[in-house]
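K.L.:
Input file: work16.pdb. Contents: PDB, C-alpha atoms.
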```pdb
ATOM      1  CA  LEU D   1      69.091  16.532  31.348
ATOM      2  CA  ALA D   2      66.204  18.528  32.712
ATOM      3  CA  GLU D   3      65.369  19.700  29.210
ATOM      4  CA  THR D   4      65.398  16.119  27.938
ATOM      5  CA  ASN D   5      63.145  14.987  30.756
ATOM      6  CA  GLU D   6      60.763  17.863  29.987
ATOM      7  CA  LYS D   7      60.688  16.906  26.291
ATOM      8  CA  LYS D   8      60.142  13.281  27.270
ATOM      9  CA  THR D   9      57.234  14.280  29.518
ATOM     10  CA  ASP D  10      55.727  16.448  26.742
ATOM     11  CA  LYS D  11      56.065  13.620  24.234
ATOM     12  CA  SER D  12      54.571  11.135  26.693
ATOM     13  CA  ALA D  13      51.611  13.486  27.253
ATOM     14  CA  GLU D  14      51.187  13.900  23.501
ATOM     15  CA  ILE D  15      51.357  10.110  23.016
ATOM     16  CA  GLN D  16      48.758   9.664  25.750
ATOM     17  CA  LYS D  17      46.513  12.289  24.143
ATOM     18  CA  LEU D  18      46.825  10.681  20.710
ATOM     19  CA  THR D  19      46.208   7.204  22.179
ATOM     20  CA  VAL D  20      42.974   8.471  23.759
ATOM     21  CA  GLN D  21      41.910   9.994  20.423
ATOM     22  CA  VAL D  22      42.643   6.725  18.601
ATOM     23  CA  ASP D  23      40.662   4.781  21.211
ATOM     24  CA  GLN D  24      37.746   7.202  20.915
ATOM     25  CA  MET D  25      37.794   6.983  17.124
ATOM     26  CA  SER D  26      37.989   3.191  17.256
ATOM     27  CA  ALA D  27      34.996   3.113  19.572
ATOM     28  CA  ARG D  28      33.129   5.535  17.283
ATOM     29  CA  SER D  29      34.026   3.380  14.276
ATOM     30  CA  ALA D  30      32.706   0.266  16.003
ATOM     31  CA  GLN D  31      29.491   2.081  16.914
ATOM     32  CA  LEU D  32      29.062   3.282  13.336
ATOM     33  CA  LYS D  33      29.510  -0.290  12.084
ATOM     34  CA  VAL D  34      26.755  -1.425  14.446
ATOM     35  CA  ASP D  35      24.534   1.445  13.285
ATOM     36  CA  VAL D  36      25.154   0.620   9.619
ATOM     37  CA  ALA D  37      24.316  -3.038  10.237
ATOM     38  CA  ALA D  38      21.074  -2.033  11.978
ATOM     39  CA  ILE D  39      20.132   0.297   9.122
ATOM     40  CA  GLN D  40      20.893  -2.398   6.564
ATOM     41  CA  ASN D  41      18.652  -4.820   8.491
ATOM     42  CA  ALA D  42      15.916  -2.182   8.534
ATOM     43  CA  LEU D  43      16.353  -1.717   4.777
ATOM     44  CA  ALA D  44      16.027  -5.462   4.226
ATOM     45  CA  GLU D  45      12.868  -5.552   6.350
ATOM     46  CA  LEU D  46      11.493  -2.552   4.464
ATOM     47  CA  SER D  47      12.150  -4.250   1.131
ATOM     48  CA  ALA D  48      10.470  -7.446   2.310
ATOM     49  CA  SER D  49       7.515  -5.471   3.609
ATOM     50  CA  GLN D  50       7.203  -3.595   0.305
ATOM     51  CA  ALA D  51       7.337  -6.849  -1.656
ATOM     52  CA  GLU D  52       4.626  -8.388   0.535
ATOM     53  CA  MET D  53       2.532  -5.251   0.184
ATOM     54  CA  GLN D  54       2.891  -5.403  -3.619
ATOM     55  CA  LYS D  55       1.826  -9.041  -3.613
ATOM     56  CA  ILE D  56      -1.247  -8.336  -1.490
ATOM     57  CA  ARG D  57      -2.136  -5.302  -3.608
ATOM     58  CA  ALA D  58      -1.889  -7.369  -6.811
ATOM     59  CA  GLU D  59      -4.208  -9.989  -5.296
ATOM     60  CA  GLU D  60      -6.682  -7.298  -4.222
ATOM     61  CA  LYS D  61      -6.622  -5.726  -7.668
ATOM     62  CA  GLU D  62      -7.183  -9.099  -9.354
ATOM     63  CA  LEU D  63     -10.090  -9.855  -7.015
ATOM     64  CA  PHE D  64     -11.572  -6.423  -7.692
ATOM     65  CA  ALA D  65     -11.354  -6.911 -11.456
ATOM     66  CA  LYS D  66     -13.084 -10.293 -11.181
ATOM     67  CA  ASN D  67     -15.802  -9.035  -8.837
ATOM     68  CA  LYS D  68     -16.373  -5.868 -10.853
ATOM     69  CA  ALA D  69     -16.848  -7.870 -14.044
ATOM     70  CA  GLU D  70     -19.355 -10.127 -12.288
ATOM     71  CA  MET D  71     -21.186  -7.154 -10.777
ATOM     72  CA  ASP D  72     -21.318  -5.391 -14.159
ATOM     73  CA  GLN D  73     -22.632  -8.533 -15.808
ATOM     74  CA  GLY D  74     -25.266  -9.003 -13.098
ATOM     75  CA  LEU D  75     -26.326  -5.366 -13.323
ATOM     76  CA  GLU D  76     -26.670  -5.590 -17.099
ATOM     77  CA  GLY D  77     -28.746  -8.774 -16.722
ATOM     78  CA  VAL D  78     -31.101  -7.122 -14.254
ATOM     79  CA  LYS D  79     -31.451  -4.053 -16.498
ATOM     80  CA  LEU D  80     -32.242  -6.271 -19.453
ATOM     81  CA  ALA D  81     -34.840  -8.196 -17.448
ATOM     82  CA  LEU D  82     -36.438  -4.930 -16.316
ATOM     83  CA  LYS D  83     -36.547  -3.626 -19.881
ATOM     84  CA  ILE D  84     -38.156  -6.823 -21.198
ATOM     85  CA  LEU D  85     -40.761  -6.953 -18.392
ATOM     86  CA  ARG D  86     -41.621  -3.261 -18.745
ATOM     87  CA  GLU D  87     -42.071  -3.657 -22.488
ATOM     88  CA  TYR D  88     -44.200  -6.773 -22.002
ATOM     89  CA  TYR D  89     -46.497  -5.194 -19.426
ATOM     90  CA  ALA D  90     -46.717  -1.970 -21.439
ATOM     91  CA  GLN D  91     -48.298  -3.773 -24.441
ATOM     92  CA  GLU D  92     -51.849  -2.894 -25.356
ATOM     93  CA  ASP D  93     -53.164  -6.443 -25.605
ATOM     94  CA  LYS D  94     -54.223  -7.328 -22.121
ATOM     95  CA  ALA D  95     -53.507 -11.058 -22.353
ATOM     96  CA  HIS D  96     -51.407 -10.592 -19.261
ATOM     97  CA  ALA D  97     -53.963  -8.566 -17.311
ATOM     98  CA  ALA D  98     -54.426 -11.257 -14.682
ATOM     99  CA  ALA D  99     -50.701 -11.316 -13.945
ATOM    100  CA  GLU D 100     -50.219  -7.557 -13.922
ATOM    101  CA  GLY D 101     -50.074  -7.355 -10.094
ATOM    102  CA  ALA D 102     -47.470 -10.092  -9.945
ATOM    103  CA  GLY D 103     -45.592  -8.421 -12.788
ATOM    104  CA  ALA D 104     -45.491  -5.153 -10.862
ATOM    105  CA  SER D 105     -44.151  -7.039  -7.826
ATOM    106  CA  ILE D 106     -41.474  -8.710  -9.919
ATOM    107  CA  ILE D 107     -40.510  -5.391 -11.502
ATOM    108  CA  GLY D 108     -40.363  -3.809  -8.040
ATOM    109  CA  LEU D 109     -38.181  -6.604  -6.774
ATOM    110  CA  LEU D 110     -35.869  -6.323  -9.788
ATOM    111  CA  GLU D 111     -35.605  -2.565  -9.229
ATOM    112  CA  VAL D 112     -34.461  -3.246  -5.652
ATOM    113  CA  VAL D 113     -31.946  -5.808  -6.958
ATOM    114  CA  GLU D 114     -30.727  -3.265  -9.539
ATOM    115  CA  SER D 115     -30.300  -0.680  -6.792
ATOM    116  CA  ASP D 116     -28.391  -3.180  -4.643
ATOM    117  CA  PHE D 117     -26.110  -4.121  -7.539
ATOM    118  CA  THR D 118     -25.444  -0.452  -8.287
ATOM    119  CA  LYS D 119     -24.736   0.297  -4.626
ATOM    120  CA  GLY D 120     -22.505  -2.775  -4.312
ATOM    121  CA  LEU D 121     -20.587  -1.811  -7.439
ATOM    122  CA  ALA D 122     -20.098   1.736  -6.138
ATOM    123  CA  GLU D 123     -18.854   0.408  -2.774
ATOM    124  CA  LEU D 124     -16.556  -2.072  -4.511
ATOM    125  CA  THR D 125     -15.105   0.673  -6.703
ATOM    126  CA  SER D 126     -14.716   3.018  -3.740
ATOM    127  CA  ALA D 127     -12.938   0.339  -1.707
ATOM    128  CA  GLU D 128     -10.592  -0.376  -4.631
ATOM    129  CA  GLU D 129      -9.770   3.307  -5.063
ATOM    130  CA  SER D 130      -9.111   3.673  -1.323
ATOM    131  CA  ALA D 131      -6.896   0.589  -1.291
ATOM    132  CA  GLN D 132      -4.952   1.864  -4.308
ATOM    133  CA  ALA D 133      -4.499   5.297  -2.728
ATOM    134  CA  ALA D 134      -3.337   3.742   0.559
ATOM    135  CA  TYR D 135      -0.916   1.481  -1.308
ATOM    136  CA  GLU D 136       0.530   4.409  -3.260
ATOM    137  CA  ALA D 137       0.903   6.514  -0.101
ATOM    138  CA  GLU D 138       2.596   3.674   1.788
ATOM    139  CA  SER D 139       4.872   2.947  -1.171
ATOM    140  CA  LYS D 140       5.877   6.622  -1.312
ATOM    141  CA  GLU D 141       6.625   6.626   2.429
ATOM    142  CA  ASN D 142       8.668   3.436   2.043
ATOM    143  CA  GLU D 143      10.625   4.974  -0.833
ATOM    144  CA  ILE D 144      11.404   8.073   1.223
ATOM    145  CA  GLU D 145      12.429   5.956   4.206
ATOM    146  CA  LYS D 146      14.582   3.766   1.976
ATOM    147  CA  SER D 147      16.342   6.796   0.478
ATOM    148  CA  THR D 148      16.927   8.281   3.913
ATOM    149  CA  LYS D 149      18.367   5.058   5.285
ATOM    150  CA  GLU D 150      20.561   4.556   2.215
ATOM    151  CA  GLN D 151      21.957   8.064   2.733
ATOM    152  CA  ASP D 152      22.572   7.252   6.414
ATOM    153  CA  VAL D 153      24.557   4.155   5.417
ATOM    154  CA  LYS D 154      26.819   6.299   3.202
TER     155      LYS D 154
END
```
If you took the structure in this file and wrote it as structure tokens, what would it be?

P.N.:
Amino acid sequence: LAETNEKKTDKSAEIQKLTVQVDQMSARSAQLKVDVAAIQNALAELSASQAEMQKIRAEEKELFAKNKAEMDQGLEGVKLALKILREYYAQEDKAHAAAEGAGASIIGLLEVVESDFTKGLAELTSAEESAQAAYEAESKENEIEKSTKEQDVK
């Protein structure tokens, strides 16, 4: 009888130990489910953020293309005007002698406009390149984060 009671006590202790382990594992399982849900929400937010970023980047790129074309066209127009005026005032017949001072002023003004167009085009191009580089860097970071979170879910 004593031996049976001892076995019963050992089995009860083992049952208690196993019950505690099951409870701990159940709690861990529940926590992991919460963690997975949080990671999946973060992945959804990351995907939405990436999609919004792509949309904004496409709009920026389209605006850049439009503005660059207009700036190029304006710059070419100013260069053409400068060429025509320089050729006109370089002619030997001095039919335009009275207007030569005004012509020099106009040429000077057009040279300033040409410089401004060139500077504006350079700034526009630089801003586009910076925006593209930032977009690519952010996209790469998002891809790494997405991969990491997908591995965490597994």

K.L.:
When distances are computed from all atoms listed in the file, which of D:Leu43, D:Ala58, D:Leu110, D:Ala102 shows the smallest separation from Leu80 of chain D?

P.N.:
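Using all atoms listed in the file, Leu80 of chain D sits closest to D:Leu110.
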
K.L.:
Applying the PyMOL selection byres ((chain D and resi 135-144) around 12) to the file I just gave you, which residues come out? Please list them as a PyMOL selection string.

P.N.:
chain D and resi 42-58+60-61+128-134+145-151

K.L.:
What gap, in Å, lies between atom CA of Glu111 of chain D and atom CA of Glu76 of chain D?

P.N.:
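Going from atom CA of Glu111 of chain D over to atom CA of Glu76 of chain D, I get 12.3 Å.
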
K.L.:
Could you tell me which of D:Gln91, D:Ser29, D:Gln73, D:Thr19 comes closest to Leu121 of chain D if we count all atoms listed in the file?

P.N.:
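For Leu121 of chain D, the nearest of the candidates is D:Gln73.
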
K.L.:
One decimal, Å: what's the distance from atom CA of Ser115 of chain D over to atom CA of Glu70 of chain D, could you say?

P.N.:
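Straight-line distance from atom CA of Ser115 of chain D to atom CA of Glu70 of chain D works out to 15.5 Å.
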
K.L.:
How big is the axis-aligned box around all listed atoms of segment 34-43 of chain D once 6 Å goes on each side, and where's its centre, in Å to one decimal, as JSON?

P.N.:
```
{"center_x": 21.3, "center_y": -1.7, "center_z": 9.6, "size_x": 22.8, "size_y": 18.3, "size_z": 21.7}
```

K.L.:
One decimal, in Å: what's the spacing between atom CA of Asp35 of chain D and atom CA of Val153 of chain D?

P.N.:
8.3 Å

K.L.:
Using all atoms listed in the file for the distances, tell me which of D:Val20, D:Leu109, D:Ala69, D:Val36 is nearest to Leu85 of chain D.

P.N.:
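For Leu85 of chain D, the nearest of the given residues is D:Leu109.
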